[in-house]
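So the structure is just underneath, and the comments pick up after that.
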Amino acid sequence: MVLKYNNNKWIQLFLTLIIAIIGGMIFQLINLPIPWLLGPMFFVLIFSKIKGISLYWPSQIRDSAMIIIGYTIGLSFTASTFIQIGHQLTSMLLMTFLLILFTITISIIISKLFNIHYPTVLLGSIPGGLSQMIALAEEIKDVDFTIVTFLQISRLMMIIFMIPLLIFSPFFNTHKNAISEAIHHSSASWHDLFPNIFIFAIACTLLGILGKKINFPTALLLGPMVASIILNLSGLHGPALPSVILNCSQLMMGSYIGLLLKPEKLANKLKIVLVSILSGVILLTFSLLSSIFLTHIHTIDHITALLSLAPGGMDQMALIAKEVDADITVIMCYQLFRTLFIFIVVPYLLRYIFRARIQESKLKRISNE
């Protein structure tokens with residue numbers, strides 16, 4: 001018998017939490033990477049598609065996870081870190097430009113191959129900046145919002161699943177035991193949190209809210225990160241968080257992502273799913289090859305390079321970086337640079353491309369007449 005609880009958000013939230021916890025426990029039991037991010041994401045996604053089951057996970061819970069992640073990222077930044085980053089600014093610009101150029105090119109090929117509106121494919125394939133791409137899609141004629149959203153979210157979920165599996169594959173020769181030991185030593189006990197955690201919590205929350213009010217990209221991640229960096233550099237010690245809190249932040253993020261994907265709303269489902277898989281695999285392959293090149297021009301390891309260039313969400317890459325003990329400061333700077341580039345430069349670039357295509361179409365019609 002199917003329970004009738006469609007109008008009770010609290011029951012839906014509790015059911016989602018139970019499913020997410022079960023997913024995390026099973027993924028941890030079978031020793032899969034990033035279990036408390038991937039487990040909840042996978043199980044919530046699957047159960048949300050079962051008829052008669054209604055799940056609910058408010059964005060405020062995801063926002064809380066982003067504040068926690070932003071805080072932990074900020075703790076990794078030191079004065080020497082910024083000097084190191086300054087040496088890689090040219091590489092950040094080069095890698096970001098190449099990724100955008102590659103995305104534009106591959107979108108042309110996919111749109112012709114599958115006979116899908118090019119602006120729709122391109123807006124759905126630009127890595128990062130989902131909200132910015134959706135806003136831009138409103139300005140472009142004939143763009144399918146549903147397809148753009150599906151392509152963006154499905155690529156994000158594919159990257160979040162594939163990156164950990166790739167990192168723990170023989171290609172990278174990563175040892176799980178060594179990583180687990182490093183995380184155990186880097187996490188704190190509960191009594192180490194006080195009293196400084198109160199100061200950091202207030203500062204991180206306030207700066208996150210302020211960033212959101214001024215429409216700063218990924219404000220609830222970057223605001224706490226900046227607050228944590230400032231307090232840390234000023235001499236106030238920021239305590240590391242216990243592993244339980246870090247696992248909870250992964251669960252909070254994974255559950256939210258699991259509910260985002262809604263393939264049932266698509267027309268031509270099979271074709272769009274194939275496009276999303278093809279686009280995601282191609283972008284991931286390009287990022288992998290780019291990361292190999294990056295390790296040859298800078299003294300960084302392969303995992304850090306891959307996470308720095310992965311076409312996924314900045315917050316998810318940060319979680320994975322914490323799990324595998326990669327250089328999170330380098331990763332965040334590459335991801336942040338690309339995010340800001342996408343938010344500031346890419347919309348103007350895309351408008352120019354689309355205007356040029358419209359103008360070209362008009363000239364063709366005139367010449368045919």
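Letters for chains follow the order of the structure tokens (A, B, ...), residue numbers begin at 1 for each chain, and ligand numbers begin at 1 in the order shown.
Those residues that approach stretch 112-115 of chain A to within 9 Å, counting only C-alpha atoms, are A:Ser107, A:Ile108, A:Lys271, A:Ile272, A:Val275; same-chain residues fewer than 4 positions away are not listed.
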Keeping only all heavy atoms, take the residues you just selected and write them out as a tab-separated table (two decimals), in the first residue's frame.
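Output below, filename result_5.tsv:
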```tsv
chain	number	residue	atom	x	y	z
A	107	SER	N	30.07	21.38	-29.19
A	107	SER	CA	28.62	21.63	-29.21
A	107	SER	C	28.12	21.77	-30.64
A	107	SER	O	27.00	21.35	-30.96
A	107	SER	CB	28.28	22.90	-28.41
A	107	SER	OG	28.59	22.72	-27.04
A	108	ILE	N	28.93	22.36	-31.51
A	108	ILE	CA	28.55	22.47	-32.93
A	108	ILE	C	28.41	21.07	-33.54
A	108	ILE	O	27.43	20.78	-34.24
A	108	ILE	CB	29.62	23.28	-33.70
A	108	ILE	CG1	29.64	24.73	-33.21
A	108	ILE	CG2	29.34	23.24	-35.20
A	108	ILE	CD1	30.76	25.56	-33.82
A	271	LYS	N	17.30	10.52	-27.03
A	271	LYS	CA	18.27	11.34	-27.75
A	271	LYS	C	18.98	12.31	-26.80
A	271	LYS	O	20.21	12.46	-26.87
A	271	LYS	CB	17.57	12.12	-28.87
A	271	LYS	CG	18.52	12.97	-29.69
A	271	LYS	CD	17.89	13.44	-30.99
A	271	LYS	CE	16.84	14.50	-30.76
A	271	LYS	NZ	16.39	15.11	-32.04
A	272	ILE	N	18.24	12.94	-25.90
A	272	ILE	CA	18.83	13.91	-24.98
A	272	ILE	C	19.74	13.22	-23.97
A	272	ILE	O	20.81	13.74	-23.63
A	272	ILE	CB	17.73	14.72	-24.26
A	272	ILE	CG1	16.83	15.43	-25.27
A	272	ILE	CG2	18.35	15.72	-23.31
A	272	ILE	CD1	17.57	16.34	-26.23
A	275	VAL	N	22.93	12.51	-25.74
A	275	VAL	CA	23.69	13.75	-25.87
A	275	VAL	C	24.38	14.11	-24.57
A	275	VAL	O	25.56	14.49	-24.56
A	275	VAL	CB	22.76	14.90	-26.32
A	275	VAL	CG1	23.47	16.25	-26.19
A	275	VAL	CG2	22.32	14.70	-27.75
```
Leaving out A:Gly238 and any residue of its chain fewer than 5 positions from it, which residues lie within 12 Å of it when counting only C-alpha atoms, given as a PyMOL selection string? chain A and resi 71-77+188+192-201+203-204+225+227-233
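Atom CA of A:Val44 to atom CA of A:Glu323 spans 21.4 Å [interatomic distance, one decimal].
Omitting A:Ser111 and its sequence neighbours fewer than 4 positions away, and counting only C-alpha atoms, the residues within 12 Å are Thr103, Ile104, Thr105, Ile106, Ser107, Asn115, Ile116, His117, Tyr118, Pro119, Thr120, Val121, Leu122, Leu123, Gly124, Ser125, Lys271, Ile272, Val275, Ser276, Leu278 and Ser279 of chain A.
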Excluding same-chain residues fewer than 5 positions from stretch 291-296 of chain A, what lies within 10 Å of it counting only C-alpha atoms, as an mmCIF file with N, CA, C and O atoms, in the first residue's frame?
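This went into result_39.cif:
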```
data_model
loop_
_atom_site.group_PDB
_atom_site.id
_atom_site.type_symbol
_atom_site.label_atom_id
_atom_site.label_comp_id
_atom_site.auth_asym_id
_atom_site.auth_seq_id
_atom_site.Cartn_x
_atom_site.Cartn_y
_atom_site.Cartn_z
ATOM 1 N N SER A 91 48.448 29.934 -16.548
ATOM 2 C CA SER A 91 47.924 28.588 -16.825
ATOM 3 C C SER A 91 46.420 28.524 -16.588
ATOM 4 O O SER A 91 45.698 27.852 -17.335
ATOM 5 N N MET A 92 45.940 29.214 -15.546
ATOM 6 C CA MET A 92 44.503 29.242 -15.271
ATOM 7 C C MET A 92 43.744 29.842 -16.443
ATOM 8 O O MET A 92 42.715 29.308 -16.876
ATOM 9 N N MET A 95 44.015 27.329 -19.560
ATOM 10 C CA MET A 95 43.186 26.129 -19.419
ATOM 11 C C MET A 95 41.695 26.464 -19.516
ATOM 12 O O MET A 95 40.916 25.713 -20.109
ATOM 13 N N THR A 285 37.051 13.564 -20.770
ATOM 14 C CA THR A 285 38.270 13.118 -21.458
ATOM 15 C C THR A 285 39.190 14.297 -21.748
ATOM 16 O O THR A 285 40.416 14.210 -21.549
ATOM 17 N N PHE A 286 38.609 15.399 -22.209
ATOM 18 C CA PHE A 286 39.406 16.598 -22.476
ATOM 19 C C PHE A 286 40.067 17.109 -21.200
ATOM 20 O O PHE A 286 41.245 17.500 -21.203
ATOM 21 N N ASP A 301 50.496 17.237 -8.527
ATOM 22 C CA ASP A 301 50.222 15.829 -8.794
ATOM 23 C C ASP A 301 49.029 15.670 -9.733
ATOM 24 O O ASP A 301 48.262 16.606 -9.958
ATOM 25 N N HIS A 302 48.862 14.461 -10.262
ATOM 26 C CA HIS A 302 47.827 14.195 -11.276
ATOM 27 C C HIS A 302 46.419 14.380 -10.723
ATOM 28 O O HIS A 302 45.528 14.879 -11.418
ATOM 29 N N ILE A 303 46.192 13.984 -9.472
ATOM 30 C CA ILE A 303 44.851 14.102 -8.885
ATOM 31 C C ILE A 303 44.481 15.566 -8.709
ATOM 32 O O ILE A 303 43.362 15.982 -9.042
ATOM 33 N N THR A 304 45.406 16.367 -8.191
ATOM 34 C CA THR A 304 45.152 17.802 -8.027
ATOM 35 C C THR A 304 44.874 18.452 -9.377
ATOM 36 O O THR A 304 43.959 19.278 -9.507
ATOM 37 N N ALA A 305 45.644 18.084 -10.390
ATOM 38 C CA ALA A 305 45.450 18.652 -11.728
ATOM 39 C C ALA A 305 44.077 18.295 -12.285
ATOM 40 O O ALA A 305 43.381 19.150 -12.848
ATOM 41 N N LEU A 306 43.663 17.033 -12.131
ATOM 42 C CA LEU A 306 42.361 16.607 -12.653
ATOM 43 C C LEU A 306 41.221 17.323 -11.944
ATOM 44 O O LEU A 306 40.290 17.819 -12.589
ATOM 45 N N LEU A 307 41.286 17.394 -10.620
ATOM 46 C CA LEU A 307 40.223 18.072 -9.874
ATOM 47 C C LEU A 307 40.213 19.568 -10.161
ATOM 48 O O LEU A 307 39.165 20.214 -10.096
ATOM 49 N N SER A 308 41.347 20.139 -10.486
ATOM 50 C CA SER A 308 41.424 21.561 -10.823
ATOM 51 C C SER A 308 40.711 21.850 -12.137
ATOM 52 O O SER A 308 40.100 22.912 -12.309
ATOM 53 N N LEU A 309 40.768 20.912 -13.074
ATOM 54 C CA LEU A 309 40.238 21.139 -14.419
ATOM 55 C C LEU A 309 38.933 20.396 -14.689
ATOM 56 O O LEU A 309 38.360 20.530 -15.766
ATOM 57 N N ALA A 310 38.457 19.600 -13.728
ATOM 58 C CA ALA A 310 37.220 18.838 -13.931
ATOM 59 C C ALA A 310 36.043 19.773 -14.179
ATOM 60 O O ALA A 310 35.862 20.746 -13.444
#
```
Got a sec: who's within 7 Å of A:Gly23, counting only C-alpha atoms, leaving out chain neighbours fewer than 6 positions off, as a PyMOL selection string? chain A and resi 39-40+43
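Counting only C-alpha atoms, the residue from A:Phe354, A:Trp57, A:Tyr348, A:Phe171 that sits nearest to A:Trp10 is A:Trp57.
The two atoms in question, atom CA of A:Ile257 and atom CA of A:Leu222, are spaced 19.1 Å apart.
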